[in-house]
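Dumped upload.txt below, it's compact mmCIF, C-alpha atoms:
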# COMPACT_ATOMS: atom_id res chain seq x y z
CA MET A 1045 8.24 8.15 -78.61
CA LEU A 1046 8.14 11.61 -80.20
CA ALA A 1047 11.11 12.67 -78.07
CA LEU A 1048 13.26 10.16 -79.92
CA VAL A 1049 12.61 11.65 -83.37
CA ARG A 1050 11.91 15.37 -82.89
CA PRO A 1051 13.82 17.88 -85.09
CA ASP A 1052 16.81 19.69 -83.54
CA SER A 1053 15.12 23.08 -83.93
CA TRP A 1054 12.54 22.04 -81.28
CA ASN A 1055 15.19 21.39 -78.61
CA LEU A 1056 15.72 24.96 -77.37
CA PRO A 1057 12.01 25.77 -76.86
CA LEU A 1058 11.51 22.33 -75.26
CA PHE A 1059 14.46 22.95 -72.91
CA LEU A 1060 13.10 26.40 -71.98
CA HIS A 1061 9.63 24.90 -71.47
CA VAL A 1062 10.86 22.16 -69.12
CA LEU A 1063 13.26 24.57 -67.37
CA GLY A 1064 10.43 27.09 -66.90
CA ALA A 1065 8.12 24.35 -65.61
CA THR A 1066 10.61 23.08 -63.04
CA LEU A 1067 11.41 26.66 -61.93
CA THR A 1068 7.67 27.34 -61.67
CA PHE A 1069 7.25 24.23 -59.51
CA GLY A 1070 10.16 25.20 -57.22
CA ALA A 1071 9.10 28.86 -56.93
CA THR A 1072 5.46 27.91 -56.23
CA ALA A 1073 6.55 25.45 -53.53
CA THR A 1074 8.75 28.19 -52.00
CA VAL A 1075 5.81 30.64 -51.95
CA ALA A 1076 3.71 27.94 -50.24
CA LEU A 1077 6.44 27.23 -47.65
CA LEU A 1078 7.03 30.93 -46.87
CA GLY A 1079 3.29 31.59 -46.88
CA PHE A 1080 2.47 28.82 -44.40
CA ALA A 1081 5.46 29.81 -42.21
CA GLY A 1082 4.18 33.41 -42.31
CA LEU A 1083 0.84 32.45 -40.76
CA ARG A 1084 2.22 31.65 -37.31
CA GLY A 1085 4.72 32.71 -34.69
CA ASP A 1086 6.06 36.17 -33.94
CA PRO A 1087 4.00 38.81 -35.87
CA ASP A 1088 7.07 40.71 -37.12
CA ARG A 1089 8.68 37.48 -38.31
CA ALA A 1090 5.42 36.41 -39.98
CA VAL A 1091 5.12 39.69 -41.91
CA TRP A 1092 8.77 39.41 -43.03
CA LEU A 1093 8.22 35.85 -44.30
CA ARG A 1094 5.07 36.93 -46.14
CA GLY A 1095 7.05 39.76 -47.74
CA LEU A 1096 9.60 37.21 -48.95
CA ALA A 1097 6.75 35.11 -50.36
CA PHE A 1098 5.63 38.13 -52.38
CA TRP A 1099 9.13 38.76 -53.76
CA VAL A 1100 9.61 35.09 -54.72
CA GLY A 1101 6.22 35.13 -56.45
CA PHE A 1102 6.92 38.39 -58.26
CA ALA A 1103 10.60 37.97 -59.16
CA VAL A 1104 10.90 34.19 -59.71
CA LEU A 1105 7.46 32.61 -60.19
CA VAL A 1106 6.07 35.11 -62.71
CA PRO A 1107 9.13 35.04 -65.06
CA ALA A 1108 9.35 31.23 -64.76
CA PHE A 1109 5.66 30.86 -65.60
CA ILE A 1110 6.03 33.16 -68.63
CA MET A 1111 9.07 31.16 -69.79
CA MET A 1112 7.16 27.87 -69.43
CA ARG A 1113 4.06 29.10 -71.23
CA GLY A 1114 5.88 31.09 -73.94
CA ALA A 1115 8.12 28.16 -74.85
CA ALA A 1116 5.08 25.84 -74.86
CA LEU A 1117 3.34 28.06 -77.41
CA SER A 1118 6.49 28.05 -79.56
CA ILE A 1119 6.65 24.22 -79.53
CA VAL A 1120 2.92 23.83 -80.28
CA ASP A 1121 3.25 26.26 -83.22
CA LYS A 1122 6.11 24.17 -84.64
CA GLU A 1123 4.55 20.76 -83.97
CA TYR A 1124 0.90 21.53 -84.72
CA PRO A 1125 0.90 24.61 -87.04
CA GLY A 1126 -2.49 26.30 -87.08
CA GLY A 1127 -3.60 24.26 -84.07
CA HIS A 1128 -4.68 21.32 -86.24
CA HIS A 1129 -4.89 17.79 -84.79
CA GLU A 1130 -3.60 18.72 -81.34
CA PRO A 1131 -3.71 15.66 -79.10
CA GLY A 1132 -5.57 15.74 -75.79
CA TRP A 1133 -2.46 16.01 -73.63
CA VAL A 1134 -1.60 19.35 -75.28
CA GLY A 1135 -5.07 20.57 -74.32
CA VAL A 1136 -4.44 19.58 -70.69
CA GLY A 1137 -1.47 21.96 -70.68
CA PHE A 1138 -3.71 24.85 -71.75
CA ILE A 1139 -6.47 23.82 -69.32
CA VAL A 1140 -3.97 23.99 -66.46
CA THR A 1141 -1.92 27.04 -67.45
CA GLU A 1142 -4.72 29.40 -68.47
CA PRO A 1143 -6.47 29.37 -65.07
CA GLY A 1144 -2.97 28.87 -63.61
CA ALA A 1145 -1.90 32.27 -65.00
CA LEU A 1146 -4.92 33.88 -63.35
CA LEU A 1147 -4.11 32.05 -60.11
CA VAL A 1148 -0.51 33.35 -60.22
CA ILE A 1149 -1.69 36.94 -60.75
CA VAL A 1150 -4.24 36.73 -57.89
CA MET A 1151 -1.68 35.01 -55.65
CA VAL A 1152 1.00 37.66 -56.24
CA ILE A 1153 -1.50 40.50 -55.60
CA LEU A 1154 -2.68 38.83 -52.38
CA ALA A 1155 0.96 38.20 -51.35
CA TRP A 1156 1.65 41.91 -51.88
CA LEU A 1157 -1.35 42.82 -49.71
CA ALA A 1158 -0.27 40.22 -47.13
CA ARG A 1159 2.84 42.26 -46.34
CA SER A 1160 0.61 44.37 -44.08
CA PRO A 1161 0.43 43.04 -40.49
CA LYS A 1162 -3.38 43.35 -40.45
CA SER A 1163 -3.94 41.75 -43.86
CA ARG A 1164 -6.40 38.87 -43.99
CA SER A 1165 -5.28 37.79 -47.45
CA ALA A 1166 -2.18 36.09 -45.99
CA VAL A 1167 -4.16 32.88 -45.35
CA ALA A 1168 -5.11 32.53 -49.02
CA VAL A 1169 -1.58 32.79 -50.49
CA PRO A 1170 -0.09 29.41 -49.43
CA TRP A 1171 -3.34 27.60 -50.23
CA LEU A 1172 -3.48 29.12 -53.73
CA ALA A 1173 0.15 28.08 -54.19
CA SER A 1174 -0.77 24.53 -53.11
CA ILE A 1175 -3.64 24.43 -55.63
CA LEU A 1176 -1.23 25.58 -58.36
CA LEU A 1177 1.20 22.80 -57.36
CA VAL A 1178 -1.56 20.21 -57.86
CA GLY A 1179 -2.37 21.72 -61.28
CA LEU A 1180 1.30 21.62 -62.26
CA ALA A 1181 1.49 17.95 -61.27
CA VAL A 1182 -1.52 17.17 -63.49
CA ALA A 1183 0.15 19.05 -66.38
CA TRP A 1184 3.51 17.29 -66.00
CA PHE A 1185 1.69 13.93 -65.95
CA ALA A 1186 -0.06 14.85 -69.23
CA MET A 1187 3.10 16.31 -70.82
CA SER A 1188 5.40 13.42 -69.88
CA ALA A 1189 3.18 10.32 -70.11
CA LYS A 1190 1.09 11.72 -72.99
CA PRO A 1191 -1.90 9.44 -72.18
CA GLY A 1192 -4.00 8.54 -75.19
CA SER A 1193 -1.16 9.08 -77.70
CA MET B 1398 -0.60 3.49 -71.18
CA SER B 1399 2.60 1.64 -72.08
CA LEU B 1400 5.49 0.89 -69.72
CA TYR B 1401 7.54 3.53 -71.58
CA GLN B 1402 4.92 6.20 -70.84
CA TRP B 1403 4.81 5.32 -67.11
CA LEU B 1404 8.61 5.26 -66.89
CA LEU B 1405 8.85 8.64 -68.61
CA PHE B 1406 6.27 10.09 -66.20
CA PHE B 1407 8.17 8.88 -63.11
CA HIS B 1408 11.49 9.98 -64.59
CA VAL B 1409 10.13 13.48 -65.28
CA THR B 1410 8.56 13.50 -61.79
CA GLY B 1411 12.04 12.81 -60.40
CA ALA B 1412 13.41 15.73 -62.43
CA PHE B 1413 10.69 18.03 -61.07
CA PHE B 1414 11.41 16.92 -57.50
CA LEU B 1415 15.17 17.30 -57.95
CA ILE B 1416 15.21 20.67 -59.71
CA GLY B 1417 12.23 21.95 -57.72
CA GLY B 1418 14.05 21.08 -54.48
CA ILE B 1419 17.23 22.76 -55.74
CA VAL B 1420 15.21 25.88 -56.62
CA ILE B 1421 13.58 25.97 -53.14
CA ALA B 1422 16.95 25.59 -51.40
CA GLY B 1423 18.59 28.10 -53.76
CA ILE B 1424 15.93 30.80 -53.29
CA LEU B 1425 15.95 30.46 -49.49
CA ASN B 1426 19.76 30.43 -49.46
CA VAL B 1427 19.90 33.62 -51.55
CA ALA B 1428 17.29 35.21 -49.25
CA ALA B 1429 19.58 34.41 -46.30
CA ILE B 1430 22.76 35.91 -47.80
CA VAL B 1431 21.63 39.00 -49.73
CA LYS B 1432 21.23 41.08 -46.57
CA ASN B 1433 22.93 41.08 -43.18
CA ARG B 1434 20.15 39.16 -41.53
CA ARG B 1435 19.83 38.41 -37.84
CA PRO B 1436 20.74 34.83 -36.85
CA SER B 1437 17.08 34.11 -36.01
CA GLU B 1438 16.06 35.11 -39.54
CA VAL B 1439 18.77 32.91 -41.06
CA ALA B 1440 17.66 30.07 -38.79
CA ALA B 1441 14.04 30.53 -39.95
CA LEU B 1442 15.06 30.35 -43.63
CA TYR B 1443 17.35 27.36 -43.06
CA GLY B 1444 14.52 25.68 -41.15
CA LEU B 1445 12.43 25.89 -44.33
CA ILE B 1446 15.27 24.53 -46.51
CA ARG B 1447 14.89 21.20 -44.69
CA PHE B 1448 11.61 20.67 -46.58
CA ALA B 1449 13.58 20.66 -49.85
CA VAL B 1450 15.94 17.88 -48.71
CA PRO B 1451 13.54 14.89 -49.08
CA LEU B 1452 12.37 16.33 -52.40
CA ILE B 1453 15.97 16.42 -53.68
CA GLY B 1454 16.65 12.91 -52.32
CA ALA B 1455 13.55 11.43 -53.97
CA GLY B 1456 14.43 13.27 -57.19
CA LEU B 1457 17.96 11.86 -57.23
CA VAL B 1458 16.70 8.28 -56.76
CA LEU B 1459 13.88 8.55 -59.31
CA THR B 1460 15.95 10.25 -62.01
CA LEU B 1461 18.76 7.68 -61.83
CA ALA B 1462 16.80 4.46 -61.21
CA ILE B 1463 13.98 5.16 -63.67
CA GLY B 1464 16.42 6.80 -66.08
CA LEU B 1465 18.54 3.63 -66.31
CA TRP B 1466 15.38 1.56 -66.78
CA LEU B 1467 14.27 3.95 -69.55
CA VAL B 1468 17.60 3.55 -71.36
CA HIS B 1469 16.94 -0.20 -71.55
CA ASN B 1470 13.23 0.16 -72.34
CA ALA B 1471 13.72 2.73 -75.13
CA GLY B 1472 16.52 0.69 -76.74
CA TYR B 1473 19.41 3.09 -76.14
CA SER B 1474 22.91 1.84 -75.32
CA TYR B 1475 24.32 2.52 -71.84
CA GLY B 1476 27.58 3.60 -73.54
CA GLU B 1477 26.08 6.51 -75.51
CA THR B 1478 27.81 9.85 -74.94
CA TRP B 1479 24.84 11.74 -73.50
CA ILE B 1480 23.93 8.91 -71.14
CA VAL B 1481 27.50 8.53 -69.82
CA ALA B 1482 27.82 12.33 -69.47
CA ALA B 1483 24.50 12.52 -67.62
CA ILE B 1484 25.49 9.75 -65.19
CA VAL B 1485 28.89 11.37 -64.52
CA LEU B 1486 27.23 14.77 -63.90
CA TRP B 1487 24.60 13.09 -61.68
CA VAL B 1488 27.34 11.44 -59.54
CA VAL B 1489 29.43 14.63 -59.24
CA ALA B 1490 26.35 16.77 -58.50
CA SER B 1491 25.21 14.29 -55.82
CA ALA B 1492 28.67 14.27 -54.20
CA LEU B 1493 28.87 18.09 -54.19
CA GLY B 1494 25.28 18.29 -52.92
CA ASN B 1495 26.18 15.96 -50.05
CA ILE B 1496 29.16 18.14 -49.07
CA ASP B 1497 26.99 21.26 -49.36
CA GLY B 1498 24.20 19.67 -47.31
CA LYS B 1499 26.54 19.02 -44.37
CA TYR B 1500 27.94 22.57 -44.55
CA GLN B 1501 24.45 24.13 -44.71
CA ARG B 1502 23.26 21.99 -41.77
CA GLN B 1503 26.16 23.28 -39.64
CA THR B 1504 25.38 26.86 -40.74
CA GLY B 1505 21.73 26.41 -39.72
CA GLU B 1506 22.80 25.01 -36.33
CA LEU B 1507 25.16 27.97 -35.80
CA ALA B 1508 22.35 30.41 -36.68
CA GLN B 1509 20.01 28.68 -34.21
CA ARG B 1510 22.62 28.84 -31.43
CA LEU B 1511 23.37 32.53 -32.09
CA ALA B 1512 19.64 33.30 -32.15
CA VAL B 1513 19.28 31.84 -28.64
CA GLU B 1514 22.42 33.66 -27.42
CA GLY B 1515 21.09 37.18 -28.06
CA ASP B 1516 20.43 37.23 -31.81
CA GLY B 1517 23.13 39.83 -32.44
CA PRO B 1518 25.08 40.33 -35.69
CA SER B 1519 27.72 37.64 -36.14
CA PRO B 1520 30.78 37.96 -38.39
CA GLU B 1521 31.25 34.18 -38.11
CA LEU B 1522 27.75 33.48 -39.44
CA ARG B 1523 28.12 36.08 -42.19
CA ALA B 1524 31.45 34.55 -43.23
CA ARG B 1525 29.93 31.06 -43.37
CA LEU B 1526 26.95 32.27 -45.41
CA ARG B 1527 29.16 34.06 -47.94
CA ASN B 1528 32.03 31.57 -48.07
CA PRO B 1529 32.99 31.61 -51.79
CA GLN B 1530 34.12 27.96 -51.79
CA ALA B 1531 30.88 26.80 -50.19
CA LEU B 1532 28.82 28.89 -52.61
CA ALA B 1533 30.78 27.43 -55.55
CA VAL B 1534 30.07 23.87 -54.34
CA SER B 1535 26.42 24.70 -53.69
CA TYR B 1536 25.65 26.45 -56.97
CA GLY B 1537 27.97 24.15 -58.93
CA SER B 1538 25.96 21.10 -57.91
CA GLY B 1539 22.71 22.88 -58.82
CA LEU B 1540 24.00 23.97 -62.23
CA MET B 1541 25.07 20.39 -62.97
CA ALA B 1542 21.47 19.26 -62.47
CA PHE B 1543 20.37 21.87 -65.02
CA ALA B 1544 23.12 20.63 -67.36
CA VAL B 1545 21.72 17.08 -67.08
CA LEU B 1546 18.33 18.48 -68.07
CA GLY B 1547 19.97 19.96 -71.18
CA LEU B 1548 21.58 16.59 -72.01
CA MET B 1549 18.19 14.88 -71.73
CA ILE B 1550 16.74 17.30 -74.31
CA TRP B 1551 19.58 17.60 -76.83
CA LYS B 1552 20.97 14.04 -76.50
CA PRO B 1553 24.34 14.89 -78.10
CA GLY B 1554 25.75 12.00 -80.13
CA VAL B 1555 22.35 10.55 -81.08
Target encoding structure tokens, full file:
Amino acid sequence: MLALVRPDSWNLPLFLHVLGATLTFGATATVALLGFAGLRGDPDRAVWLRGLAFWVGFAVLVPAFIMMRGAALSIVDKEYPGGHHEPGWVGVGFIVTEPGALLVIVMVILAWLARSPKSRSAVAVPWLASILLVGLAVAWFAMSAKPGS
Amino acid sequence: MSLYQWLLFFHVTGAFFLIGGIVIAGILNVAAIVKNRRPSEVAALYGLIRFAVPLIGAGLVLTLAIGLWLVHNAGYSYGETWIVAAIVLWVVASALGNIDGKYQRQTGELAQRLAVEGDGPSPELRARLRNPQALAVSYGSGLMAFAVLGLMIWKPGV
């Protein structure tokens, strides 16, 4: 019920956090779609789709992820200054986004390499994006339902 | 977990589906219009947009149905400013999205037909893709969904 009583000054970072999270979800799903579509069919078409997957990852997913994570840190600093008495659901967010950040970096690098017709990294990109989607779903369950609180 | 927690989870899930679907469709739409692409390329991108449609549909249903249940469960009044504004924006965004969906489906069908008929540059396809009125409807409906997200956070009038 925290949402009902939070101070006004928390609204902007919360909005940016949720906006960043939904953009991250949409961009990751787009990378997965383009990545899977880029694994089959005409080779020239496949390379073009994989190139688009790289650009979506680089130009949309990375900024959205930074917005989500940066705003989350801002809210945690306001709500739990010094990191004291953080509930478990806050920890879930860190557990998902810290390896998630690494996953995004690896995925974007592999997507960049996958623009080459002979690249073997193309197979990994949509699957990494799918793993990130599962992680995001776990995080939004923890952030919205706040189990244990 | 309480009923409130489950309702909030499903409501937020609806928001993720809705806005996530809008983002997928928006990115693929931008990818189709930023360059003079061949009809087969436009058809390929529009073919992927169809995966966003059920996501947007599920998001619309979950956000409204669970949202109305949440209003009752959390003890808000259905007449509060932010709730009325959110419902109005939801209805207008849905109506615009429906108009846009039909237009985009016809554009995808045109791109598929042109791809089969030689895949050459088509002024008709380019005009449809960059139609300012269609773009206004498309991006207007998407921005309204983001505005609803803002209303859910700030709750003006509370």
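Pairwise distance (CA of Val1152 in chain A, CA of Val1169 in chain A) equals 8.0 Å.
Atom pair CA of Arg1523 in chain B / CA of Thr1068 in chain A has a distance of 29.6 Å (rounded to one decimal).
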Near Val1555 in chain B, within 8 Å and counting all atoms listed in the file, which residues show up once chain neighbours fewer than 2 positions away are dropped, as a list in words? Glu1477, Lys1552 and Pro1553 of chain B
For the selection you just gave me, I'd like the residues written to a file as a JSON list (two decimals), in the coordinates of the input, keeping C-alpha atoms.
[["chain", "number", "residue", "atom", "x", "y", "z"],
["B", 1477, "GLU", "CA", 26.08, 6.51, -75.51],
["B", 1552, "LYS", "CA", 20.97, 14.04, -76.50],
["B", 1553, "PRO", "CA", 24.34, 14.89, -78.10]]
Give me the residues of chain A that have any atom at most 9 Å from an atom of chain B; for each, the nearest atom pair and the distance in Å, rounded to one decimal. Use only C-alpha atoms, sort by chain and number, and format it as JSON lines.
{"residue": "A:Met1045", "atom": "CA", "partner": "B:Tyr1401", "partner_atom": "CA", "distance": 8.4}
{"residue": "A:Ala1047", "atom": "CA", "partner": "B:Ile1550", "partner_atom": "CA", "distance": 8.2}
{"residue": "A:Leu1048", "atom": "CA", "partner": "B:Ala1471", "partner_atom": "CA", "distance": 8.9}
{"residue": "A:Asp1052", "atom": "CA", "partner": "B:Trp1551", "partner_atom": "CA", "distance": 7.6}
{"residue": "A:Asn1055", "atom": "CA", "partner": "B:Trp1551", "partner_atom": "CA", "distance": 6.1}
{"residue": "A:Leu1056", "atom": "CA", "partner": "B:Ile1550", "partner_atom": "CA", "distance": 8.3}
{"residue": "A:Leu1058", "atom": "CA", "partner": "B:Ile1550", "partner_atom": "CA", "distance": 7.3}
{"residue": "A:Phe1059", "atom": "CA", "partner": "B:Ile1550", "partner_atom": "CA", "distance": 6.3}
{"residue": "A:Val1062", "atom": "CA", "partner": "B:Leu1546", "partner_atom": "CA", "distance": 8.4}
{"residue": "A:Leu1063", "atom": "CA", "partner": "B:Leu1546", "partner_atom": "CA", "distance": 8.0}
{"residue": "A:Ala1065", "atom": "CA", "partner": "B:Phe1413", "partner_atom": "CA", "distance": 8.2}
{"residue": "A:Thr1066", "atom": "CA", "partner": "B:Phe1413", "partner_atom": "CA", "distance": 5.4}
{"residue": "A:Leu1067", "atom": "CA", "partner": "B:Gly1417", "partner_atom": "CA", "distance": 6.4}
{"residue": "A:Thr1068", "atom": "CA", "partner": "B:Gly1417", "partner_atom": "CA", "distance": 8.1}
{"residue": "A:Phe1069", "atom": "CA", "partner": "B:Gly1417", "partner_atom": "CA", "distance": 5.8}
{"residue": "A:Gly1070", "atom": "CA", "partner": "B:Gly1417", "partner_atom": "CA", "distance": 3.9}
{"residue": "A:Ala1071", "atom": "CA", "partner": "B:Ile1421", "partner_atom": "CA", "distance": 6.5}
{"residue": "A:Thr1072", "atom": "CA", "partner": "B:Ile1421", "partner_atom": "CA", "distance": 8.9}
{"residue": "A:Ala1073", "atom": "CA", "partner": "B:Ile1421", "partner_atom": "CA", "distance": 7.1}
{"residue": "A:Thr1074", "atom": "CA", "partner": "B:Ile1421", "partner_atom": "CA", "distance": 5.4}
{"residue": "A:Leu1077", "atom": "CA", "partner": "B:Leu1445", "partner_atom": "CA", "distance": 7.0}
{"residue": "A:Leu1078", "atom": "CA", "partner": "B:Leu1445", "partner_atom": "CA", "distance": 7.8}
{"residue": "A:Ala1081", "atom": "CA", "partner": "B:Leu1445", "partner_atom": "CA", "distance": 8.3}
{"residue": "A:Arg1089", "atom": "CA", "partner": "B:Glu1438", "partner_atom": "CA", "distance": 7.8}
{"residue": "A:Leu1093", "atom": "CA", "partner": "B:Leu1442", "partner_atom": "CA", "distance": 8.8}
{"residue": "A:Leu1096", "atom": "CA", "partner": "B:Ala1428", "partner_atom": "CA", "distance": 8.0}
{"residue": "A:Val1100", "atom": "CA", "partner": "B:Ile1424", "partner_atom": "CA", "distance": 7.8}
{"residue": "A:Val1104", "atom": "CA", "partner": "B:Ile1424", "partner_atom": "CA", "distance": 8.8}
{"residue": "A:Ala1181", "atom": "CA", "partner": "B:Thr1410", "partner_atom": "CA", "distance": 8.4}
{"residue": "A:Trp1184", "atom": "CA", "partner": "B:Thr1410", "partner_atom": "CA", "distance": 7.6}
{"residue": "A:Phe1185", "atom": "CA", "partner": "B:Phe1406", "partner_atom": "CA", "distance": 6.0}
{"residue": "A:Ala1186", "atom": "CA", "partner": "B:Phe1406", "partner_atom": "CA", "distance": 8.5}
{"residue": "A:Met1187", "atom": "CA", "partner": "B:Phe1406", "partner_atom": "CA", "distance": 8.4}
{"residue": "A:Ser1188", "atom": "CA", "partner": "B:Phe1406", "partner_atom": "CA", "distance": 5.0}
{"residue": "A:Ala1189", "atom": "CA", "partner": "B:Gln1402", "partner_atom": "CA", "distance": 4.5}
{"residue": "A:Lys1190", "atom": "CA", "partner": "B:Gln1402", "partner_atom": "CA", "distance": 7.1}
{"residue": "A:Pro1191", "atom": "CA", "partner": "B:Met1398", "partner_atom": "CA", "distance": 6.2}
{"residue": "A:Gly1192", "atom": "CA", "partner": "B:Met1398", "partner_atom": "CA", "distance": 7.3}
{"residue": "A:Ser1193", "atom": "CA", "partner": "B:Met1398", "partner_atom": "CA", "distance": 8.6}
Do you know which residues are at most 8 Å from Ala1531 in chain B counting all atoms listed in the file, after dropping those on the same chain fewer than 4 positions away, and could you put them as a PyMOL selection string? chain B and resi 1497+1500+1527+1535
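Across the structure, CA of Val1439 in chain B and CA of Ser1519 in chain B are spaced 11.3 Å apart.
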Could you pull the residues within 9 Å of Gly1537 in chain B, counting all atoms listed in the file, minus those fewer than 6 positions along the same chain, as a PyMOL selection string? chain B and resi 1490+1493-1494
Nearest to Arg1447 in chain B among B:Gly1411, B:Trp1487, B:Gly1505, B:Asn1495, with distances taken over all atoms listed in the file: which residue is it? B:Gly1505
Across B:Val1458, B:Leu1452, B:Ile1484, B:Ile1430, the smallest distance to Ala1524 in chain B, with all atoms listed in the file counted, is shown by B:Ile1430
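Using all atoms listed in the file, the protein and nucleic acid residues lying no more than 9 Å from Val1150 in chain A, apart from those fewer than 4 places from it along its own chain, are Ala1145, Leu1146, Leu1154, Ala1155, Val1169 and Leu1172 of chain A.
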